[in-house]
>>> print(open('run-v1.cif').read())   # mmCIF, C-alpha atoms
data_query
#
loop_
_atom_site.group_PDB
_atom_site.id
_atom_site.type_symbol
_atom_site.label_atom_id
_atom_site.label_comp_id
_atom_site.auth_asym_id
_atom_site.auth_seq_id
_atom_site.Cartn_x
_atom_site.Cartn_y
_atom_site.Cartn_z
ATOM 1 C CA MET A 1 185.779 -64.001 154.561
ATOM 2 C CA LYS A 2 182.895 -66.439 154.701
ATOM 3 C CA VAL A 3 182.596 -69.166 152.082
ATOM 4 C CA TYR A 4 178.852 -68.741 151.784
ATOM 5 C CA THR A 5 177.325 -65.530 150.465
ATOM 6 C CA LYS A 6 173.633 -66.499 150.398
ATOM 7 C CA THR A 7 173.350 -64.695 147.039
ATOM 8 C CA GLY A 8 172.758 -68.006 145.274
ATOM 9 C CA ASP A 9 169.959 -69.195 147.502
ATOM 10 C CA ARG A 10 167.387 -68.294 144.874
ATOM 11 C CA GLY A 11 169.155 -70.084 142.037
ATOM 12 C CA THR A 12 171.401 -67.398 140.609
ATOM 13 C CA THR A 13 175.139 -66.854 140.524
ATOM 14 C CA SER A 14 177.540 -64.204 139.238
ATOM 15 C CA LEU A 15 179.763 -64.538 136.223
ATOM 16 C CA ILE A 16 183.184 -62.907 136.074
ATOM 17 C CA GLY A 17 182.272 -59.334 135.197
ATOM 18 C CA GLY A 18 179.299 -59.251 137.561
ATOM 19 C CA GLU A 19 176.360 -60.425 135.452
ATOM 20 C CA ARG A 20 173.907 -62.484 137.544
ATOM 21 C CA VAL A 21 172.563 -65.538 135.767
ATOM 22 C CA SER A 22 170.570 -68.633 136.579
ATOM 23 C CA LYS A 23 172.551 -71.572 137.874
ATOM 24 C CA THR A 24 171.016 -73.469 134.952
ATOM 25 C CA ASP A 25 172.634 -71.083 132.425
ATOM 26 C CA ALA A 26 174.643 -72.859 129.716
ATOM 27 C CA ARG A 27 177.833 -71.068 130.799
ATOM 28 C CA VAL A 28 177.420 -72.236 134.404
ATOM 29 C CA GLU A 29 176.812 -75.778 133.189
ATOM 30 C CA ALA A 30 179.942 -75.590 131.028
ATOM 31 C CA TYR A 31 182.332 -74.253 133.654
ATOM 32 C CA GLY A 32 180.772 -76.496 136.302
ATOM 33 C CA THR A 33 181.429 -79.563 134.178
ATOM 34 C CA VAL A 34 185.026 -78.482 133.606
ATOM 35 C CA ASP A 35 185.295 -78.031 137.384
ATOM 36 C CA GLU A 36 184.026 -81.591 137.857
ATOM 37 C CA LEU A 37 186.601 -82.783 135.345
ATOM 38 C CA SER A 38 189.323 -80.949 137.284
ATOM 39 C CA ALA A 39 188.474 -82.964 140.382
ATOM 40 C CA PHE A 40 188.797 -86.227 138.443
ATOM 41 C CA VAL A 41 192.070 -85.111 136.842
ATOM 42 C CA ALA A 42 193.433 -84.294 140.291
ATOM 43 C CA LEU A 43 192.349 -87.741 141.476
ATOM 44 C CA LEU A 44 194.141 -89.331 138.511
ATOM 45 C CA ALA A 45 197.300 -87.323 139.245
ATOM 46 C CA ASP A 46 197.106 -88.346 142.912
ATOM 47 C CA ARG A 47 196.710 -91.997 141.895
ATOM 48 C CA LEU A 48 199.798 -91.790 139.683
ATOM 49 C CA ARG A 49 201.770 -90.070 142.471
ATOM 50 C CA GLU A 50 200.775 -92.865 144.873
ATOM 51 C CA ALA A 51 201.804 -95.598 142.434
ATOM 52 C CA ALA A 52 205.256 -97.070 142.857
ATOM 53 C CA THR A 53 205.984 -95.995 139.290
ATOM 54 C CA ALA A 54 204.318 -93.898 136.611
ATOM 55 C CA PRO A 55 205.330 -92.864 133.105
ATOM 56 C CA ALA A 56 207.922 -90.100 133.132
ATOM 57 C CA GLY A 57 206.333 -86.685 133.142
ATOM 58 C CA ALA A 58 202.727 -87.925 133.455
ATOM 59 C CA VAL A 59 202.003 -86.150 136.751
ATOM 60 C CA GLU A 60 203.695 -82.966 135.543
ATOM 61 C CA ASP A 61 201.589 -83.088 132.369
ATOM 62 C CA LEU A 62 198.414 -83.503 134.416
ATOM 63 C CA ASN A 63 199.402 -80.545 136.597
ATOM 64 C CA ARG A 64 199.813 -78.461 133.440
ATOM 65 C CA VAL A 65 196.394 -79.663 132.241
ATOM 66 C CA LEU A 66 194.863 -78.682 135.598
ATOM 67 C CA SER A 67 196.296 -75.188 135.300
ATOM 68 C CA ARG A 68 194.876 -74.811 131.792
ATOM 69 C CA MET A 69 191.522 -76.113 133.040
ATOM 70 C CA MET A 70 191.321 -73.225 135.521
ATOM 71 C CA THR A 71 191.809 -70.825 132.611
ATOM 72 C CA VAL A 72 189.077 -72.610 130.629
ATOM 73 C CA GLU A 73 186.722 -72.432 133.622
ATOM 74 C CA ALA A 74 187.379 -68.712 133.980
ATOM 75 C CA LEU A 75 186.842 -68.104 130.260
ATOM 76 C CA LEU A 76 183.529 -69.976 130.395
ATOM 77 C CA ALA A 77 182.526 -68.132 133.596
ATOM 78 C CA ALA A 78 183.094 -64.659 132.181
ATOM 79 C CA ASP A 79 180.333 -62.447 130.851
ATOM 80 C CA PRO A 80 181.307 -60.369 127.795
ATOM 81 C CA THR A 81 182.734 -57.570 129.981
ATOM 82 C CA GLY A 82 184.510 -60.054 132.265
ATOM 83 C CA ARG A 83 186.340 -61.728 129.381
ATOM 84 C CA LYS A 84 188.737 -58.799 129.348
ATOM 85 C CA GLN A 85 189.730 -59.756 132.901
ATOM 86 C CA VAL A 86 190.575 -63.383 132.015
ATOM 87 C CA PRO A 87 193.818 -64.211 130.238
ATOM 88 C CA PRO A 88 193.324 -66.382 127.152
ATOM 89 C CA LEU A 89 194.668 -69.883 126.842
ATOM 90 C CA PRO A 90 198.319 -69.790 125.819
ATOM 91 C CA GLU A 91 198.744 -69.927 122.049
ATOM 92 C CA ASP A 92 200.441 -73.320 122.294
ATOM 93 C CA ALA A 93 197.772 -74.949 124.515
ATOM 94 C CA VAL A 94 196.207 -77.048 121.739
ATOM 95 C CA SER A 95 199.489 -77.858 119.989
ATOM 96 C CA TRP A 96 201.037 -78.931 123.320
ATOM 97 C CA LEU A 97 198.214 -81.456 123.784
ATOM 98 C CA GLU A 98 198.705 -82.679 120.215
ATOM 99 C CA THR A 99 202.431 -83.121 120.831
ATOM 100 C CA ARG A 100 201.773 -85.086 124.019
ATOM 101 C CA ILE A 101 199.124 -87.239 122.279
ATOM 102 C CA ASP A 102 201.498 -88.006 119.403
ATOM 103 C CA ALA A 103 204.352 -88.881 121.782
ATOM 104 C CA MET A 104 202.177 -91.232 123.846
ATOM 105 C CA GLN A 105 200.599 -92.790 120.779
ATOM 106 C CA ALA A 106 204.062 -93.601 119.418
ATOM 107 C CA GLU A 107 204.627 -95.772 122.520
ATOM 108 C CA VAL A 108 201.549 -97.988 122.146
ATOM 109 C CA PRO A 109 200.636 -100.469 119.417
ATOM 110 C CA PRO A 110 198.140 -99.249 116.822
ATOM 111 C CA ILE A 111 194.590 -100.563 117.103
ATOM 112 C CA ASP A 112 191.563 -100.461 114.837
ATOM 113 C CA LYS A 113 188.898 -101.205 117.444
ATOM 114 C CA PHE A 114 187.433 -99.381 120.427
ATOM 115 C CA THR A 115 188.939 -100.122 123.821
ATOM 116 C CA ILE A 116 186.886 -101.130 126.821
ATOM 117 C CA PRO A 117 187.894 -99.225 129.963
ATOM 118 C CA GLY A 118 189.468 -101.040 132.891
ATOM 119 C CA GLY A 119 192.345 -103.197 133.988
ATOM 120 C CA HIS A 120 193.913 -100.710 136.402
ATOM 121 C CA THR A 121 192.514 -97.893 138.547
ATOM 122 C CA ALA A 122 194.577 -95.262 136.738
ATOM 123 C CA VAL A 123 193.383 -96.521 133.344
ATOM 124 C CA SER A 124 189.773 -96.419 134.479
ATOM 125 C CA LEU A 125 190.271 -92.885 135.816
ATOM 126 C CA CYS A 126 191.591 -91.843 132.396
ATOM 127 C CA HIS A 127 188.330 -93.025 130.883
ATOM 128 C CA VAL A 128 186.296 -91.206 133.540
ATOM 129 C CA CYS A 129 188.262 -88.056 132.659
ATOM 130 C CA ARG A 130 187.724 -88.688 128.938
ATOM 131 C CA THR A 131 183.951 -89.069 129.278
ATOM 132 C CA VAL A 132 183.509 -86.101 131.620
ATOM 133 C CA CYS A 133 185.659 -84.073 129.222
ATOM 134 C CA ARG A 134 183.346 -85.004 126.337
ATOM 135 C CA ARG A 135 180.383 -83.833 128.440
ATOM 136 C CA ALA A 136 182.223 -80.588 129.237
ATOM 137 C CA GLU A 137 182.871 -80.086 125.536
ATOM 138 C CA ARG A 138 179.173 -80.577 124.730
ATOM 139 C CA ALA A 139 178.244 -78.092 127.465
ATOM 140 C CA ALA A 140 180.779 -75.581 126.122
ATOM 141 C CA LEU A 141 179.324 -76.008 122.633
ATOM 142 C CA ARG A 142 175.845 -75.236 123.994
ATOM 143 C CA ALA A 143 177.263 -72.132 125.697
ATOM 144 C CA ASP A 144 178.981 -71.201 122.445
ATOM 145 C CA ALA A 145 175.705 -71.460 120.530
ATOM 146 C CA GLN A 146 174.054 -69.013 122.946
ATOM 147 C CA TYR A 147 176.826 -66.655 123.992
ATOM 148 C CA GLY A 148 179.983 -67.389 122.036
ATOM 149 C CA VAL A 149 183.019 -69.184 123.410
ATOM 150 C CA ASP A 150 186.627 -68.673 122.439
ATOM 151 C CA PRO A 151 187.365 -71.179 119.615
ATOM 152 C CA ALA A 152 190.664 -72.168 121.266
ATOM 153 C CA THR A 153 188.714 -73.268 124.354
ATOM 154 C CA LEU A 154 186.505 -75.533 122.249
ATOM 155 C CA ALA A 155 189.481 -77.006 120.371
ATOM 156 C CA TRP A 156 191.367 -77.537 123.642
ATOM 157 C CA LEU A 157 188.487 -79.443 125.230
ATOM 158 C CA ASN A 158 188.139 -81.591 122.118
ATOM 159 C CA ARG A 159 191.839 -82.429 122.112
ATOM 160 C CA LEU A 160 191.878 -82.999 125.877
ATOM 161 C CA SER A 161 189.461 -85.913 125.641
ATOM 162 C CA ASP A 162 191.770 -87.489 123.039
ATOM 163 C CA TYR A 163 194.671 -86.920 125.437
ATOM 164 C CA PHE A 164 192.906 -88.886 128.189
ATOM 165 C CA TYR A 165 192.084 -91.730 125.792
ATOM 166 C CA VAL A 166 195.700 -92.096 124.694
ATOM 167 C CA LEU A 167 196.990 -91.664 128.254
ATOM 168 C CA GLY A 168 194.711 -94.555 129.255
ATOM 169 C CA ARG A 169 196.221 -96.694 126.510
ATOM 170 C CA LEU A 170 199.747 -95.710 127.572
ATOM 171 C CA LEU A 171 199.006 -96.576 131.206
ATOM 172 C CA THR A 172 197.538 -99.929 130.142
ATOM 173 C CA SER A 173 200.849 -100.721 128.477
ATOM 174 C CA PHE A 174 202.963 -99.185 131.258
ATOM 175 C CA TYR A 175 201.262 -101.200 134.002
ATOM 176 C CA GLY A 176 201.277 -104.356 131.901
ATOM 177 C CA VAL A 177 197.541 -104.931 132.027
ATOM 178 C CA GLN A 178 195.527 -106.495 129.245
ATOM 179 C CA GLU A 179 193.991 -103.969 126.860
ATOM 180 C CA THR A 180 190.488 -105.181 126.108
ATOM 181 C CA LEU A 181 189.280 -104.367 122.628
ATOM 182 C CA TRP A 182 185.607 -104.266 121.784
ATOM 183 C CA ILE A 183 184.769 -106.981 119.324
ATOM 184 C CA PRO A 184 181.028 -106.925 118.551
#
>>> encode(input="run-v1.cif", output="structure tokens")
Amino acid sequence: MKVYTKTGDRGTTSLIGGERVSKTDARVEAYGTVDELSAFVALLADRLREAATAPAGAVEDLNRVLSRMMTVEALLAADPTGRKQVPPLPEDAVSWLETRIDAMQAEVPPIDKFTIPGGHTAVSLCHVCRTVCRRAERAALRADAQYGVDPATLAWLNRLSDYFYVLGRLLTSFYGVQETLWIP
């Protein structure tokens, strides 16, 4: 099977279910941004695998996140008839993220200021993931306003950006780098 189909040469693509839409459609923008985020999450997981040490379970957690991201992409890429073909996010998807956020947050000192990204490549990648996730969430909200998006998908994306923020803080502590707080 060839990778190229030539069906998109005039600026359209197919959603799951068969509907052809413009590549500028809000749903395409949403699932494309989640796809971009997936690439950065994979890069972060690779970076942690390459490190001599990483927090216990961090790579496994990121692999679970990547799997859920594929589901989110499919849900965003489905037209109303195609949604029946895509399994929903597991019921515990949002609560699992909340549990992981709470566990990581318990390991870092509380702060009352914004953090400035940096100090270690993995920390910086967490912030790249966080910001791309926020963009994906905004794109999903635009798609929701036009076509409707599963509320669990929106909640999951919102919680996922928090997950990356706290993971960045945990990695800052784990790698013993200075956490830089923004002091205006």
>>> atom_distance(input="run-v1.cif", atom1="atom CA of A:Ser124", atom2="atom CA of A:Phe164")
10.3 Å
>>> closest_atom_pairs(input="run-v1.cif", of="stretch 39-126 of chain A", to="stretch 148-152 of chain A", cutoff="10 Å", atoms="only C-alpha atoms", output="Markdown table")
| residue | atom | partner | partner_atom | distance |
| --- | --- | --- | --- | --- |
| A:Val72 | CA | A:Asp150 | CA | 9.4 |
| A:Leu75 | CA | A:Asp150 | CA | 7.8 |
| A:Leu76 | CA | A:Val149 | CA | 7.0 |
| A:Ala78 | CA | A:Val149 | CA | 9.9 |
| A:Pro80 | CA | A:Gly148 | CA | 9.2 |
| A:Arg83 | CA | A:Asp150 | CA | 9.8 |
| A:Pro88 | CA | A:Asp150 | CA | 8.5 |
| A:Leu89 | CA | A:Ala152 | CA | 7.2 |
| A:Pro90 | CA | A:Ala152 | CA | 9.2 |
| A:Glu91 | CA | A:Ala152 | CA | 8.4 |
| A:Asp92 | CA | A:Ala152 | CA | 9.9 |
| A:Ala93 | CA | A:Ala152 | CA | 8.3 |
| A:Val94 | CA | A:Ala152 | CA | 7.4 |
>>> closest_residue(input="run-v1.cif", among="A:Leu125, A:Ala74, A:Leu97, A:Val28", to="A:Leu171", atoms="all atoms listed in the file")
A:Leu125
>>> resolve_selection(input="run-v1.cif", expression="the PyMOL selection byres ((chain A and resi 115) around 10)", output="list in words")
Ile111, Asp112, Lys113, Phe114, Ile116, Pro117, Gly118, Tyr165, Gly168, Arg169, Glu179, Thr180, Leu181, Trp182 and Ile183 of chain A
>>> closest_residue(input="run-v1.cif", among="A:Cys126, A:Val108, A:Leu160, A:Met70", to="A:Gly32", atoms="only C-alpha atoms")
A:Met70
>>> closest_residue(input="run-v1.cif", among="A:Lys84, A:Asn63, A:His120, A:Lys23", to="A:Gly176", atoms="all atoms listed in the file")
A:His120
>>> resolve_selection(input="run-v1.cif", expression="the PyMOL selection byres ((chain A and resi 105) around 10)", output="list in words")
Thr99, Arg100, Ile101, Asp102, Ala103, Met104, Ala106, Glu107, Val108, Pro109, Pro110, Tyr163, Tyr165, Val166, Leu167, Arg169 and Leu170 of chain A
>>> write_last_selection(input="run-v1.cif", atoms="C-alpha atoms", output="PDB file, in the frame of the given file")
ATOM      1  CA  THR A  99     202.431 -83.121 120.831  1.00  0.00           C
ATOM      2  CA  ARG A 100     201.773 -85.086 124.019  1.00  0.00           C
ATOM      3  CA  ILE A 101     199.124 -87.239 122.279  1.00  0.00           C
ATOM      4  CA  ASP A 102     201.498 -88.006 119.403  1.00  0.00           C
ATOM      5  CA  ALA A 103     204.352 -88.881 121.782  1.00  0.00           C
ATOM      6  CA  MET A 104     202.177 -91.232 123.846  1.00  0.00           C
ATOM      7  CA  ALA A 106     204.062 -93.601 119.418  1.00  0.00           C
ATOM      8  CA  GLU A 107     204.627 -95.772 122.520  1.00  0.00           C
ATOM      9  CA  VAL A 108     201.549 -97.988 122.146  1.00  0.00           C
ATOM     10  CA  PRO A 109     200.636-100.469 119.417  1.00  0.00           C
ATOM     11  CA  PRO A 110     198.140 -99.249 116.822  1.00  0.00           C
ATOM     12  CA  TYR A 163     194.671 -86.920 125.437  1.00  0.00           C
ATOM     13  CA  TYR A 165     192.084 -91.730 125.792  1.00  0.00           C
ATOM     14  CA  VAL A 166     195.700 -92.096 124.694  1.00  0.00           C
ATOM     15  CA  LEU A 167     196.990 -91.664 128.254  1.00  0.00           C
ATOM     16  CA  ARG A 169     196.221 -96.694 126.510  1.00  0.00           C
ATOM     17  CA  LEU A 170     199.747 -95.710 127.572  1.00  0.00           C
TER      18      LEU A 170
END
>>> residues_around(input="run-v1.cif", residues="A:Val177", least_positions_apart="2", cutoff="6 Å", atoms="all atoms listed in the file", output="VMD selection string")
chain A and resid 119 172 175
